[in-house]
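Participant: Dropping in input-v2.txt, which is compact mmCIF, C-alpha atoms and all ligand atoms:
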# COMPACT_ATOMS: atom_id res chain seq x y z
CA PRO A 1 -13.65 -13.78 12.82
CA THR A 2 -12.45 -10.73 10.91
CA ARG A 3 -8.70 -10.24 10.67
CA ILE A 4 -7.17 -7.50 8.57
CA PHE A 5 -3.74 -7.74 7.01
CA SER A 6 -2.03 -5.23 4.74
CA GLY A 7 1.44 -3.98 3.90
CA ILE A 8 3.49 -1.26 2.28
CA GLN A 9 6.90 -1.67 0.67
CA PRO A 10 9.76 0.37 2.14
CA SER A 11 10.96 0.89 -1.44
CA GLY A 12 11.02 4.67 -0.99
CA GLY A 13 9.29 7.30 1.11
CA LEU A 14 5.53 7.10 1.70
CA THR A 15 3.41 9.12 -0.74
CA LEU A 16 0.01 10.79 -0.63
CA GLY A 17 -1.21 7.81 -2.67
CA ASN A 18 -0.01 5.37 0.00
CA TYR A 19 -1.58 7.57 2.67
CA LEU A 20 -5.03 7.97 1.10
CA GLY A 21 -5.22 4.56 -0.56
CA ALA A 22 -3.79 2.55 2.32
CA LEU A 23 -2.43 4.05 5.54
CA LYS A 24 -5.34 6.36 6.40
CA ARG A 25 -7.69 3.43 5.97
CA PHE A 26 -5.44 1.13 8.02
CA VAL A 27 -5.91 3.55 10.91
CA GLN A 28 -9.71 3.60 10.44
CA LYS A 29 -9.85 -0.21 10.57
CA GLN A 30 -7.75 -0.26 13.74
CA ASP A 31 -9.97 2.39 15.31
CA GLU A 32 -13.06 0.34 14.49
CA GLY A 33 -11.63 -2.24 16.89
CA ILE A 34 -10.90 -4.90 14.25
CA GLU A 35 -7.80 -7.10 14.68
CA THR A 36 -5.21 -5.48 12.41
CA VAL A 37 -1.81 -6.77 11.25
CA TYR A 38 0.34 -4.29 9.28
CA CYS A 39 3.62 -5.15 7.67
CA LEU A 40 6.50 -3.24 6.11
CA VAL A 41 7.23 -5.66 3.33
CA ASP A 42 10.99 -5.37 3.02
CA MET A 43 11.27 -8.66 1.13
CA HIS A 44 8.99 -7.25 -1.54
CA ALA A 45 11.08 -4.08 -1.66
CA ILE A 46 14.19 -6.01 -2.76
CA THR A 47 12.45 -7.31 -5.89
CA THR A 48 14.07 -4.18 -7.29
CA TRP A 49 17.56 -3.48 -5.95
CA GLN A 50 17.70 -1.39 -2.77
CA ASP A 51 20.73 0.25 -1.26
CA PRO A 52 21.08 -1.53 2.14
CA ILE A 53 21.59 1.66 4.11
CA LYS A 54 18.59 3.32 2.49
CA LEU A 55 16.42 0.22 2.88
CA ARG A 56 16.96 0.22 6.63
CA GLN A 57 16.30 3.97 6.78
CA GLN A 58 13.16 3.73 4.62
CA THR A 59 11.82 0.85 6.72
CA ARG A 60 12.20 2.91 9.91
CA GLU A 61 10.75 5.96 8.21
CA ALA A 62 7.73 3.99 6.99
CA ALA A 63 7.23 2.64 10.53
CA ALA A 64 7.42 6.21 11.84
CA GLY A 65 4.88 7.22 9.18
CA PHE A 66 2.48 4.51 10.30
CA ILE A 67 2.71 5.52 13.94
CA ALA A 68 2.53 9.24 13.13
CA ALA A 69 -0.62 8.62 11.06
CA GLY A 70 -2.30 6.91 14.00
CA ILE A 71 -1.26 3.26 14.02
CA ASP A 72 -0.95 2.30 17.68
CA PRO A 73 1.54 -0.57 18.07
CA ALA A 74 -0.36 -1.71 21.15
CA ARG A 75 -3.61 -2.15 19.22
CA SER A 76 -2.23 -3.12 15.78
CA ILE A 77 0.60 -5.52 15.07
CA LEU A 78 3.28 -3.51 13.23
CA PHE A 79 6.44 -5.25 12.01
CA ASN A 80 8.77 -5.76 9.08
CA GLN A 81 8.25 -8.86 6.97
CA SER A 82 11.75 -10.36 7.03
CA GLN A 83 11.63 -10.79 10.83
CA VAL A 84 8.84 -13.35 10.47
CA THR A 85 10.15 -16.26 8.41
CA ALA A 86 6.66 -17.73 7.86
CA HIS A 87 6.22 -15.29 4.95
CA ALA A 88 9.16 -16.62 2.96
CA GLU A 89 8.34 -20.23 3.80
CA LEU A 90 4.72 -20.02 2.71
CA GLY A 91 5.78 -17.90 -0.26
CA TRP A 92 7.84 -20.81 -1.57
CA ILE A 93 4.98 -23.24 -1.12
CA PHE A 94 2.70 -20.85 -3.01
CA ASN A 95 5.27 -20.64 -5.81
CA CYS A 96 4.48 -24.32 -6.23
CA VAL A 97 0.72 -23.71 -6.15
CA ALA A 98 0.47 -20.67 -8.44
CA ARG A 99 0.62 -21.31 -12.19
CA MET A 100 3.00 -19.59 -14.61
CA GLY A 101 -0.02 -18.57 -16.70
CA TRP A 102 -1.65 -16.77 -13.75
CA MET A 103 1.53 -14.90 -12.94
CA SER A 104 2.10 -13.92 -16.57
CA ARG A 105 -1.19 -12.02 -16.58
CA MET A 106 -0.24 -9.70 -13.71
CA THR A 107 -0.28 -6.13 -15.01
CA GLN A 108 1.98 -4.80 -12.23
CA PHE A 109 4.73 -7.13 -13.39
CA LYS A 110 4.27 -6.00 -16.98
CA ASP A 111 4.32 -2.33 -15.93
CA LYS A 112 7.37 -2.70 -13.72
CA ALA A 113 9.32 -5.01 -16.05
CA GLY A 114 8.68 -2.80 -19.07
CA LYS A 115 9.40 -4.03 -22.57
CA ASN A 116 12.55 -5.93 -21.71
CA SER A 117 11.76 -8.38 -18.91
CA GLU A 118 15.01 -10.36 -19.45
CA ASN A 119 16.84 -8.36 -16.85
CA VAL A 120 14.34 -8.03 -14.00
CA SER A 121 14.56 -10.26 -10.94
CA LEU A 122 12.74 -13.57 -10.68
CA GLY A 123 11.44 -12.16 -7.38
CA LEU A 124 9.56 -9.41 -9.23
CA PHE A 125 7.70 -12.09 -11.18
CA ALA A 126 6.96 -14.14 -8.03
CA TYR A 127 5.94 -11.04 -6.04
CA PRO A 128 2.17 -11.78 -6.01
CA SER A 129 2.76 -15.27 -4.65
CA LEU A 130 4.75 -13.87 -1.71
CA MET A 131 1.95 -11.34 -1.24
CA ALA A 132 -0.57 -14.18 -1.04
CA ALA A 133 1.66 -15.76 1.62
CA ASP A 134 1.79 -12.48 3.59
CA ILE A 135 -1.99 -12.47 3.77
CA LEU A 136 -2.71 -16.17 4.19
CA ALA A 137 -0.01 -16.81 6.82
CA TYR A 138 -2.46 -14.95 9.07
CA LYS A 139 -5.60 -16.41 7.47
CA ALA A 140 -6.58 -12.78 7.02
CA THR A 141 -10.18 -12.26 5.93
CA HIS A 142 -9.95 -8.67 4.67
CA VAL A 143 -7.17 -6.71 2.98
CA PRO A 144 -7.46 -2.92 2.60
CA VAL A 145 -5.47 -1.79 -0.45
CA GLY A 146 -5.46 0.70 -3.31
CA GLU A 147 -7.11 -0.18 -6.60
CA ASP A 148 -3.78 -1.20 -8.18
CA GLN A 149 -3.63 -4.27 -5.92
CA LYS A 150 -7.02 -5.66 -6.97
CA GLN A 151 -5.54 -8.16 -9.40
CA HIS A 152 -3.01 -9.45 -6.86
CA LEU A 153 -5.85 -10.04 -4.40
CA GLU A 154 -7.77 -12.02 -6.98
CA LEU A 155 -4.65 -14.13 -7.41
CA THR A 156 -4.49 -14.58 -3.63
CA ARG A 157 -8.03 -15.98 -3.75
CA ASP A 158 -7.08 -18.28 -6.62
CA ILE A 159 -4.06 -19.58 -4.71
CA ALA A 160 -6.14 -20.19 -1.57
CA MET A 161 -8.77 -22.04 -3.61
CA LYS A 162 -6.24 -24.14 -5.48
CA PHE A 163 -4.41 -25.07 -2.27
CA ASN A 164 -7.69 -26.06 -0.57
CA ASN A 165 -8.68 -28.03 -3.64
CA ASP A 166 -5.30 -29.71 -4.31
CA TYR A 167 -5.03 -30.95 -0.73
CA LYS A 168 -8.76 -31.54 -0.15
CA VAL A 169 -8.86 -29.25 2.86
CA ASN A 170 -10.86 -26.22 3.85
CA PHE A 171 -7.84 -24.45 5.27
CA PHE A 172 -7.30 -21.00 3.80
CA PRO A 173 -10.06 -18.36 3.81
CA ILE A 174 -11.07 -16.67 0.57
CA THR A 175 -9.88 -13.16 1.33
CA GLU A 176 -11.94 -10.05 0.54
CA PRO A 177 -10.21 -7.00 -0.90
CA VAL A 178 -11.34 -3.75 0.73
CA ILE A 179 -10.98 -0.95 -1.82
CA GLU A 180 -13.00 2.05 -0.71
CA GLY A 181 -13.05 5.83 -0.53
CA ALA A 182 -12.56 8.71 -2.96
CA ALA A 183 -8.85 8.08 -3.56
CA THR A 184 -8.35 4.38 -4.24
CA ARG A 185 -6.09 5.34 -7.13
CA VAL A 186 -4.25 8.64 -6.69
CA MET A 187 -2.65 9.64 -9.98
CA SER A 188 0.73 11.17 -10.76
CA LEU A 189 0.76 14.97 -10.55
CA ARG A 190 2.53 15.01 -13.89
CA ASP A 191 0.32 12.53 -15.75
CA GLY A 192 -3.28 11.90 -14.71
CA THR A 193 -3.29 8.53 -16.49
CA LYS A 194 -0.42 7.11 -14.42
CA LYS A 195 -0.54 5.98 -10.78
CA MET A 196 1.31 8.06 -8.18
CA SER A 197 4.17 5.81 -6.94
CA LYS A 198 6.94 6.12 -4.42
CA SER A 199 9.33 4.55 -6.92
CA ASP A 200 8.55 7.00 -9.77
CA PRO A 201 11.86 8.62 -10.78
CA SER A 202 10.20 12.06 -10.77
CA ASP A 203 9.81 13.61 -7.32
CA GLN A 204 7.40 16.17 -8.87
CA SER A 205 4.99 13.35 -9.68
CA ARG A 206 4.12 12.78 -6.03
CA ILE A 207 3.59 14.34 -2.62
CA ASN A 208 5.82 12.65 -0.02
CA LEU A 209 4.79 12.45 3.63
CA THR A 210 8.12 14.15 4.37
CA ASP A 211 7.47 17.17 2.08
CA ASP A 212 7.18 20.51 3.88
CA ALA A 213 4.39 23.06 3.32
CA ASP A 214 6.30 25.00 0.63
CA LYS A 215 7.11 21.85 -1.29
CA ILE A 216 3.50 20.66 -1.17
CA ALA A 217 2.23 24.05 -2.39
CA GLN A 218 4.83 24.11 -5.16
CA LYS A 219 4.00 20.58 -6.33
CA PHE A 220 0.26 21.24 -6.50
CA ARG A 221 0.86 24.60 -8.22
CA LYS A 222 2.89 22.83 -10.90
CA ALA A 223 0.57 19.81 -11.13
CA LYS A 224 -0.50 19.13 -14.70
CA THR A 225 -4.04 20.30 -15.53
CA ASP A 226 -5.99 21.54 -18.52
CA SER A 227 -6.98 25.21 -18.76
CA GLU A 228 -10.77 24.86 -18.38
CA PRO A 229 -12.46 25.93 -15.16
CA LEU A 230 -13.83 23.16 -12.94
CA PRO A 231 -17.14 21.72 -14.18
CA SER A 232 -20.42 21.78 -12.27
CA ASP A 233 -20.85 18.01 -12.01
CA LEU A 234 -18.83 14.77 -12.06
CA ASP A 235 -19.77 14.04 -15.68
CA GLY A 236 -17.78 17.11 -16.64
CA LEU A 237 -14.61 15.35 -15.38
CA LYS A 238 -14.95 12.37 -17.71
CA ASP A 239 -12.14 13.18 -20.12
CA ARG A 240 -10.15 15.28 -17.66
CA PRO A 241 -8.03 12.78 -15.68
CA ASP A 242 -5.75 15.40 -14.13
CA ALA A 243 -8.64 17.53 -12.90
CA ARG A 244 -10.50 14.49 -11.67
CA ASN A 245 -7.46 13.35 -9.71
CA LEU A 246 -7.14 16.66 -7.86
CA ILE A 247 -10.87 16.62 -7.04
CA ASN A 248 -10.61 13.07 -5.69
CA VAL A 249 -7.56 13.93 -3.60
CA TYR A 250 -9.38 16.94 -2.15
CA ALA A 251 -12.42 14.80 -1.34
CA ALA A 252 -10.36 12.08 0.34
CA LEU A 253 -8.35 14.58 2.40
CA ALA A 254 -11.50 16.43 3.49
CA ASP A 255 -13.51 13.23 4.09
CA ILE A 256 -16.27 14.41 1.76
CA THR A 257 -17.51 13.09 -1.58
CA PRO A 258 -16.12 14.27 -4.93
CA GLU A 259 -19.67 15.53 -5.67
CA ALA A 260 -19.47 17.83 -2.66
CA VAL A 261 -16.09 19.20 -3.84
CA ILE A 262 -17.51 19.93 -7.29
CA ARG A 263 -20.48 21.67 -5.73
CA ASP A 264 -18.17 23.98 -3.78
CA TYR A 265 -15.77 24.69 -6.65
CA ALA A 266 -18.05 24.63 -9.73
CA GLY A 267 -16.70 27.11 -12.27
CA ALA A 268 -13.54 27.83 -10.26
CA GLN A 269 -10.18 28.20 -12.01
CA PHE A 270 -7.23 26.00 -11.01
CA GLY A 271 -5.58 29.21 -9.82
CA THR A 272 -8.15 29.19 -7.02
CA PHE A 273 -8.58 25.47 -6.51
CA LYS A 274 -4.92 24.44 -6.37
CA PRO A 275 -3.95 26.73 -3.44
CA ALA A 276 -7.06 25.57 -1.56
CA LEU A 277 -6.03 21.97 -2.16
CA ALA A 278 -2.46 22.69 -1.05
CA ASP A 279 -3.72 24.34 2.16
CA LEU A 280 -5.94 21.37 2.90
CA ALA A 281 -3.09 18.90 2.23
CA VAL A 282 -0.73 20.85 4.49
CA ALA A 283 -3.34 21.00 7.27
CA LYS A 284 -3.88 17.24 7.11
CA LEU A 285 -0.30 16.10 6.48
CA SER A 286 1.91 18.47 8.48
CA PRO A 287 1.00 17.01 11.89
CA ILE A 288 2.01 13.60 10.51
CA THR A 289 5.24 14.95 9.03
CA THR A 290 6.16 16.61 12.32
CA LYS A 291 5.43 13.51 14.39
CA MET A 292 7.36 11.36 11.91
CA SER A 293 10.52 13.40 12.23
CA GLN A 294 10.22 13.32 16.03
CA LEU A 295 9.94 9.54 15.97
CA MET A 296 12.92 9.31 13.64
CA GLN A 297 15.07 10.86 16.40
CA ASP A 298 14.97 7.49 18.16
CA PRO A 299 15.62 4.70 15.63
CA ALA A 300 16.31 2.15 18.40
CA GLU A 301 12.79 2.66 19.71
CA ILE A 302 11.37 2.07 16.22
CA ASP A 303 13.40 -1.13 15.90
CA ARG A 304 12.13 -2.23 19.30
CA ILE A 305 8.51 -1.67 18.23
CA LEU A 306 9.07 -3.65 15.00
CA GLY A 307 10.72 -6.48 16.93
CA GLU A 308 7.87 -6.69 19.37
CA GLY A 309 5.35 -6.62 16.51
CA ALA A 310 7.28 -9.40 14.78
CA THR A 311 7.09 -11.58 17.90
CA ARG A 312 3.32 -11.13 18.03
CA ALA A 313 2.98 -11.72 14.27
CA ASP A 314 5.09 -14.88 14.50
CA ALA A 315 2.83 -16.23 17.25
CA ILE A 316 -0.08 -16.14 14.76
CA ALA A 317 1.71 -17.17 11.56
CA ARG A 318 3.99 -19.94 12.88
CA PRO A 319 1.26 -22.43 13.82
CA ILE A 320 -0.58 -21.76 10.56
CA VAL A 321 2.51 -22.47 8.44
CA ASP A 322 3.34 -25.52 10.58
CA GLN A 323 -0.11 -26.90 9.76
CA VAL A 324 0.56 -26.26 6.07
CA TYR A 325 3.72 -28.39 6.27
CA ASP A 326 1.65 -31.19 7.81
CA ILE A 327 -1.04 -30.89 5.16
CA ILE A 328 1.43 -31.09 2.26
CA GLY A 329 3.36 -34.05 3.67
CA MET A 330 6.63 -32.65 4.98
CA ILE A 331 8.31 -34.59 7.80
CA ARG A 332 8.57 -32.42 10.93
CA SER A 333 10.65 -34.42 13.42
CA ARG A 334 12.60 -31.85 15.39
P1 LIG B 1 6.19 1.13 -5.60
O1 LIG B 1 6.27 2.19 -6.66
O2 LIG B 1 7.51 0.79 -4.99
O3 LIG B 1 5.40 -0.09 -6.03
P2 LIG B 1 3.85 2.21 -4.34
O4 LIG B 1 3.72 3.68 -4.14
O5 LIG B 1 3.07 1.58 -5.44
O6 LIG B 1 5.38 1.84 -4.41
P3 LIG B 1 3.27 -0.02 -2.56
O7 LIG B 1 4.13 -0.28 -1.38
O8 LIG B 1 3.45 -0.86 -3.78
O9 LIG B 1 3.43 1.54 -2.94
O10 LIG B 1 1.74 -0.11 -2.12
C1 LIG B 1 1.35 0.05 -0.77
C2 LIG B 1 -0.14 0.32 -0.68
O11 LIG B 1 -0.43 1.63 -1.20
C3 LIG B 1 -1.00 -0.64 -1.51
O12 LIG B 1 -2.19 -0.91 -0.79
C4 LIG B 1 -1.32 0.15 -2.75
O13 LIG B 1 -2.52 -0.27 -3.36
C5 LIG B 1 -1.44 1.55 -2.19
N1 LIG B 1 -1.14 2.54 -3.22
C6 LIG B 1 0.03 2.69 -3.87
N2 LIG B 1 -0.03 3.72 -4.73
C7 LIG B 1 -1.31 4.21 -4.63
C8 LIG B 1 -2.00 5.28 -5.27
N3 LIG B 1 -1.39 6.02 -6.18
N4 LIG B 1 -3.27 5.52 -4.92
C9 LIG B 1 -3.90 4.77 -3.97
N5 LIG B 1 -3.30 3.74 -3.33
C10 LIG B 1 -2.01 3.47 -3.65
MG MG B 2 3.32 -0.52 -5.82
The structure in this file should be written as structure tokens.
Ligand code: ATP
Ligand code: MG
Facilitator:
Amino acid sequence: PTRIFSGIQPSGGLTLGNYLGALKRFVQKQDEGIETVYCLVDMHAITTWQDPIKLRQQTREAAAGFIAAGIDPARSILFNQSQVTAHAELGWIFNCVARMGWMSRMTQFKDKAGKNSENVSLGLFAYPSLMAADILAYKATHVPVGEDQKQHLELTRDIAMKFNNDYKVNFFPITEPVIEGAATRVMSLRDGTKKMSKSDPSDQSRINLTDDADKIAQKFRKAKTDSEPLPSDLDGLKDRPDARNLINVYAALADITPEAVIRDYAGAQFGTFKPALADLAVAKLSPITTKMSQLMQDPAEIDRILGEGATRADAIARPIVDQVYDIIGMIRSR
């Protein structure tokens, strides 16, 4: 049976990258009638220090963003990670399955730790093993993510295989990453070779789901580009990462292919294309932004939804993690 799991860190406000690469696709999977479990991974967020007041606020805001974008808490399970202790428990067990060598090859750790990794948290290094636990605590079969998470999903498969092999069981599924669409890797508006991220220090590098129409227009107007007009085919975008990014974003927002965007805008200047892109982004995002701020008027209701989601998530994950304890030889006598 197909079961989808995915998550987003409440490490800042949701971005256009999170929306196109993850959230929009989470909604599509739910609407296809697949069983969907979506998690605000607050324990991942604290791998870099978070102000407690902001963390709580960002978690609620992310939940509001999910619901505003179309996640229905009656059809999908929506909760925050720390309310379901199975994640942390299985995460520890996977720390003992994963190898130092595997973890050392993770490019996200290298990117986030920078040159001096002496002073980053141990949690940042172990992050992918907790992520494997998030997924496998539900025996999820498919995980929709952006392109940047591909390597972590390969590690999840390696952990599942090693666990099955070490304990001579056929227990964990070998999860499939689902990386699809025109915007699996939305780039920074200031540097087309860098991923758009909610934790980027520059607010100009990203569109936030909370940005208003003026802000969105201003950010696209100022987005880095070259000075050539748009080419007449995709080949013409090869060495133009900034231009290619804007084309991909347009395609993903409009639910058309990048080829179709190029066909419509062949030869156009950015002075024409950028305002069209901003208008499209505002048309698609502003209903979400409006709904989000309405939902944020009632934080107690958001907390209630997350609590109820956590109860349903726990009902799936608890028995799975209990079986893991049995498999590995832990005494369970109370
Ligand atoms: P942080 O900077 O704190 O890591 P982030 O913006 O990378 O934040 P995550 O919470 O790490 O967001 O990722 C949540 C989901 O969004 C993942 O599936 C990830 O692949 C996807 N995602 C993140 N950034 C992008 C992007 N620029 N383009 C497409 N998908 C993205
Ligand atoms: Mg990230």
Participant: Would you please work out which residue, of A:Leu78, A:Ala183, A:Val145, A:Val84, is nearest to ligand MG 2 (chain B) when using only C-alpha atoms and all ligand atoms?
Facilitator: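 Of A:Leu78, A:Ala183, A:Val145, A:Val84, the one nearest ligand MG 2 (chain B), counting only C-alpha atoms and all ligand atoms, is A:Val145.
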Participant: One number please: CA of Thr47 in chain A to atom O2 of ligand LIG 1 (chain B), in Å, one decimal.
Facilitator: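 Here the two named atoms are 9.5 Å from each other.
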Participant: For ligand LIG 1 (chain B), return the neighbouring residues as a list of chain:residue names (distance at most 6 Å; only C-alpha atoms and all ligand atoms).
Facilitator: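 Written in the requested form, the residues are A:Ile8, A:Gln9, A:Ser11, A:Gly17, A:Asn18, A:Gly21, A:Ala22, A:Val145, A:Gly146, A:Glu147, A:Asp148, A:Gln149, A:Ala183, A:Thr184, A:Arg185, A:Val186, A:Met187, A:Lys195, A:Met196, A:Ser197, A:Lys198, A:Ser199.
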Participant: Rank nothing, just name the residue among A:Tyr38, A:Phe220, A:Phe66, A:Phe163 nearest to Ala140 in chain A, using all atoms listed in the file.
Facilitator: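 Closest to Ala140 in chain A of all the choices is A:Tyr38.
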Participant: Would you mind reading off the distance between CA of Thr48 in chain A and CA of Glu118 in chain A, one decimal, in Å?
Facilitator: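 It comes out at 13.7 Å.
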Participant: May I ask for the distance between CA of Met131 in chain A and CA of Asn95 in chain A, given in Å to one decimal place?
Facilitator: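 Rounded to one decimal, the two atoms are 10.9 Å apart.
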Participant: May I have the residues within 10 Å of Ile77 in chain A as a ChimeraX atom specification, using only C-alpha atoms and disregarding those fewer than 6 positions away in the same chain?
Facilitator: /A:5,30,35-39,71,305-306,308-313
Participant: Restrict the selected residues to C-alpha atoms and save them as a short mmCIF file (atom, residue, chain, number, x, y, z; two decimals), keeping the file's coordinate frame.
Facilitator:
data_model
loop_
_atom_site.label_atom_id
_atom_site.label_comp_id
_atom_site.auth_asym_id
_atom_site.auth_seq_id
_atom_site.Cartn_x
_atom_site.Cartn_y
_atom_site.Cartn_z
CA PHE A 5 -3.74 -7.74 7.01
CA GLN A 30 -7.75 -0.26 13.74
CA GLU A 35 -7.80 -7.10 14.68
CA THR A 36 -5.21 -5.48 12.41
CA VAL A 37 -1.81 -6.77 11.25
CA TYR A 38 0.34 -4.29 9.28
CA CYS A 39 3.62 -5.15 7.67
CA ILE A 71 -1.26 3.26 14.02
CA ILE A 305 8.51 -1.67 18.23
CA LEU A 306 9.07 -3.65 15.00
CA GLU A 308 7.87 -6.69 19.37
CA GLY A 309 5.35 -6.62 16.51
CA ALA A 310 7.28 -9.40 14.78
CA THR A 311 7.09 -11.58 17.90
CA ARG A 312 3.32 -11.13 18.03
CA ALA A 313 2.98 -11.72 14.27
#
Participant: Under the rule that only C-alpha atoms and all ligand atoms are counted, which of A:Pro275, A:Gly192, A:Pro128, A:Pro1 is the nearest residue to ligand MG 2 (chain B)?
Facilitator: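 Comparing A:Pro275, A:Gly192, A:Pro128, A:Pro1 against ligand MG 2 (chain B), the winner is A:Pro128.
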Participant: Name the closest residue to ligand MG 2 (chain B) among the candidates A:Lys150, A:Lys274, A:Lys222, A:Arg157; distances are taken between atoms, counting all atoms listed in the file.
Facilitator: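 The answer is A:Lys150, which sits nearest to ligand MG 2 (chain B).
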Participant: Go through A:Asp212, A:Asp200, A:Asp72, A:Asp31 and flag the residue nearest Lys112 in chain A, using only C-alpha atoms for the distances.
Facilitator: A:Asp200
Participant: Using all atoms listed in the file, which of the listed residues (A:Tyr325, A:Phe94, A:Tyr127, A:Phe26) sits closest to ligand MG 2 (chain B)?
Facilitator: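 Of A:Tyr325, A:Phe94, A:Tyr127, A:Phe26, the one nearest ligand MG 2 (chain B), counting all atoms listed in the file, is A:Tyr127.
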Participant: Please provide as a PDB file with C-alpha atoms, in the coordinates of the input all residues within 12 Å of Ala278 in chain A, with the sequence filter that same-chain residues fewer than 4 positions apart are discarded (counting all atoms listed in the file).
Facilitator:
ATOM      1  CA  ILE A 207       3.590  14.340  -2.620  1.00  0.00           C
ATOM      2  CA  ASP A 211       7.470  17.170   2.080  1.00  0.00           C
ATOM      3  CA  ASP A 212       7.180  20.510   3.880  1.00  0.00           C
ATOM      4  CA  ALA A 213       4.390  23.060   3.320  1.00  0.00           C
ATOM      5  CA  ASP A 214       6.300  25.000   0.630  1.00  0.00           C
ATOM      6  CA  LYS A 215       7.110  21.850  -1.290  1.00  0.00           C
ATOM      7  CA  ILE A 216       3.500  20.660  -1.170  1.00  0.00           C
ATOM      8  CA  ALA A 217       2.230  24.050  -2.390  1.00  0.00           C
ATOM      9  CA  GLN A 218       4.830  24.110  -5.160  1.00  0.00           C
ATOM     10  CA  LYS A 219       4.000  20.580  -6.330  1.00  0.00           C
ATOM     11  CA  PHE A 220       0.260  21.240  -6.500  1.00  0.00           C
ATOM     12  CA  ARG A 221       0.860  24.600  -8.220  1.00  0.00           C
ATOM     13  CA  LYS A 222       2.890  22.830 -10.900  1.00  0.00           C
ATOM     14  CA  ALA A 223       0.570  19.810 -11.130  1.00  0.00           C
ATOM     15  CA  LEU A 246      -7.140  16.660  -7.860  1.00  0.00           C
ATOM     16  CA  ILE A 247     -10.870  16.620  -7.040  1.00  0.00           C
ATOM     17  CA  VAL A 249      -7.560  13.930  -3.600  1.00  0.00           C
ATOM     18  CA  TYR A 250      -9.380  16.940  -2.150  1.00  0.00           C
ATOM     19  CA  LEU A 253      -8.350  14.580   2.400  1.00  0.00           C
ATOM     20  CA  ALA A 254     -11.500  16.430   3.490  1.00  0.00           C
ATOM     21  CA  PHE A 270      -7.230  26.000 -11.010  1.00  0.00           C
ATOM     22  CA  GLY A 271      -5.580  29.210  -9.820  1.00  0.00           C
ATOM     23  CA  THR A 272      -8.150  29.190  -7.020  1.00  0.00           C
ATOM     24  CA  PHE A 273      -8.580  25.470  -6.510  1.00  0.00           C
ATOM     25  CA  LYS A 274      -4.920  24.440  -6.370  1.00  0.00           C
ATOM     26  CA  VAL A 282      -0.730  20.850   4.490  1.00  0.00           C
ATOM     27  CA  ALA A 283      -3.340  21.000   7.270  1.00  0.00           C
ATOM     28  CA  LYS A 284      -3.880  17.240   7.110  1.00  0.00           C
ATOM     29  CA  LEU A 285      -0.300  16.100   6.480  1.00  0.00           C
ATOM     30  CA  SER A 286       1.910  18.470   8.480  1.00  0.00           C
TER      31      SER A 286
END
Participant: Show which residues sit within 12 Å of Asp51 in chain A, as an MDAnalysis selection string. Count all atoms listed in the file, and ignore same-chain residues fewer than 5 positions away.
Facilitator: chainID A and resid 10:12 45:46 56:59
Participant: What lies within 12 Å of Gly70 in chain A using only C-alpha atoms, ignoring chain neighbours under 4 positions off, as number ranges by chain?
Facilitator: A: 19, 23-31, 63-66, 74-76, 78, 287-288, 291-292
Participant: Mind dumping the selected residues with C-alpha atoms as a PDB file, in the frame of the given file?
Facilitator:
ATOM      1  CA  TYR A  19      -1.580   7.570   2.670  1.00  0.00           C
ATOM      2  CA  LEU A  23      -2.430   4.050   5.540  1.00  0.00           C
ATOM      3  CA  LYS A  24      -5.340   6.360   6.400  1.00  0.00           C
ATOM      4  CA  ARG A  25      -7.690   3.430   5.970  1.00  0.00           C
ATOM      5  CA  PHE A  26      -5.440   1.130   8.020  1.00  0.00           C
ATOM      6  CA  VAL A  27      -5.910   3.550  10.910  1.00  0.00           C
ATOM      7  CA  GLN A  28      -9.710   3.600  10.440  1.00  0.00           C
ATOM      8  CA  LYS A  29      -9.850  -0.210  10.570  1.00  0.00           C
ATOM      9  CA  GLN A  30      -7.750  -0.260  13.740  1.00  0.00           C
ATOM     10  CA  ASP A  31      -9.970   2.390  15.310  1.00  0.00           C
ATOM     11  CA  ALA A  63       7.230   2.640  10.530  1.00  0.00           C
ATOM     12  CA  ALA A  64       7.420   6.210  11.840  1.00  0.00           C
ATOM     13  CA  GLY A  65       4.880   7.220   9.180  1.00  0.00           C
ATOM     14  CA  PHE A  66       2.480   4.510  10.300  1.00  0.00           C
ATOM     15  CA  ALA A  74      -0.360  -1.710  21.150  1.00  0.00           C
ATOM     16  CA  ARG A  75      -3.610  -2.150  19.220  1.00  0.00           C
ATOM     17  CA  SER A  76      -2.230  -3.120  15.780  1.00  0.00           C
ATOM     18  CA  LEU A  78       3.280  -3.510  13.230  1.00  0.00           C
ATOM     19  CA  PRO A 287       1.000  17.010  11.890  1.00  0.00           C
ATOM     20  CA  ILE A 288       2.010  13.600  10.510  1.00  0.00           C
ATOM     21  CA  LYS A 291       5.430  13.510  14.390  1.00  0.00           C
ATOM     22  CA  MET A 292       7.360  11.360  11.910  1.00  0.00           C
TER      23      MET A 292
END
Participant: May I have the residues within 10 Å of range 164-167 of chain A as a ChimeraX atom specification, using all atoms listed in the file and disregarding those fewer than 6 positions away in the same chain?
Facilitator: /A:97,158,173,324,327-329
Participant: Please produce a file of the residues just selected, as a PDB file, in the frame of the given file, where the atoms kept are C-alpha atoms.
Facilitator:
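Result file follows (out21.pdb):
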ATOM      1  CA  VAL A  97       0.720 -23.710  -6.150  1.00  0.00           C
ATOM      2  CA  ASP A 158      -7.080 -18.280  -6.620  1.00  0.00           C
ATOM      3  CA  PRO A 173     -10.060 -18.360   3.810  1.00  0.00           C
ATOM      4  CA  VAL A 324       0.560 -26.260   6.070  1.00  0.00           C
ATOM      5  CA  ILE A 327      -1.040 -30.890   5.160  1.00  0.00           C
ATOM      6  CA  ILE A 328       1.430 -31.090   2.260  1.00  0.00           C
ATOM      7  CA  GLY A 329       3.360 -34.050   3.670  1.00  0.00           C
TER       8      GLY A 329
END
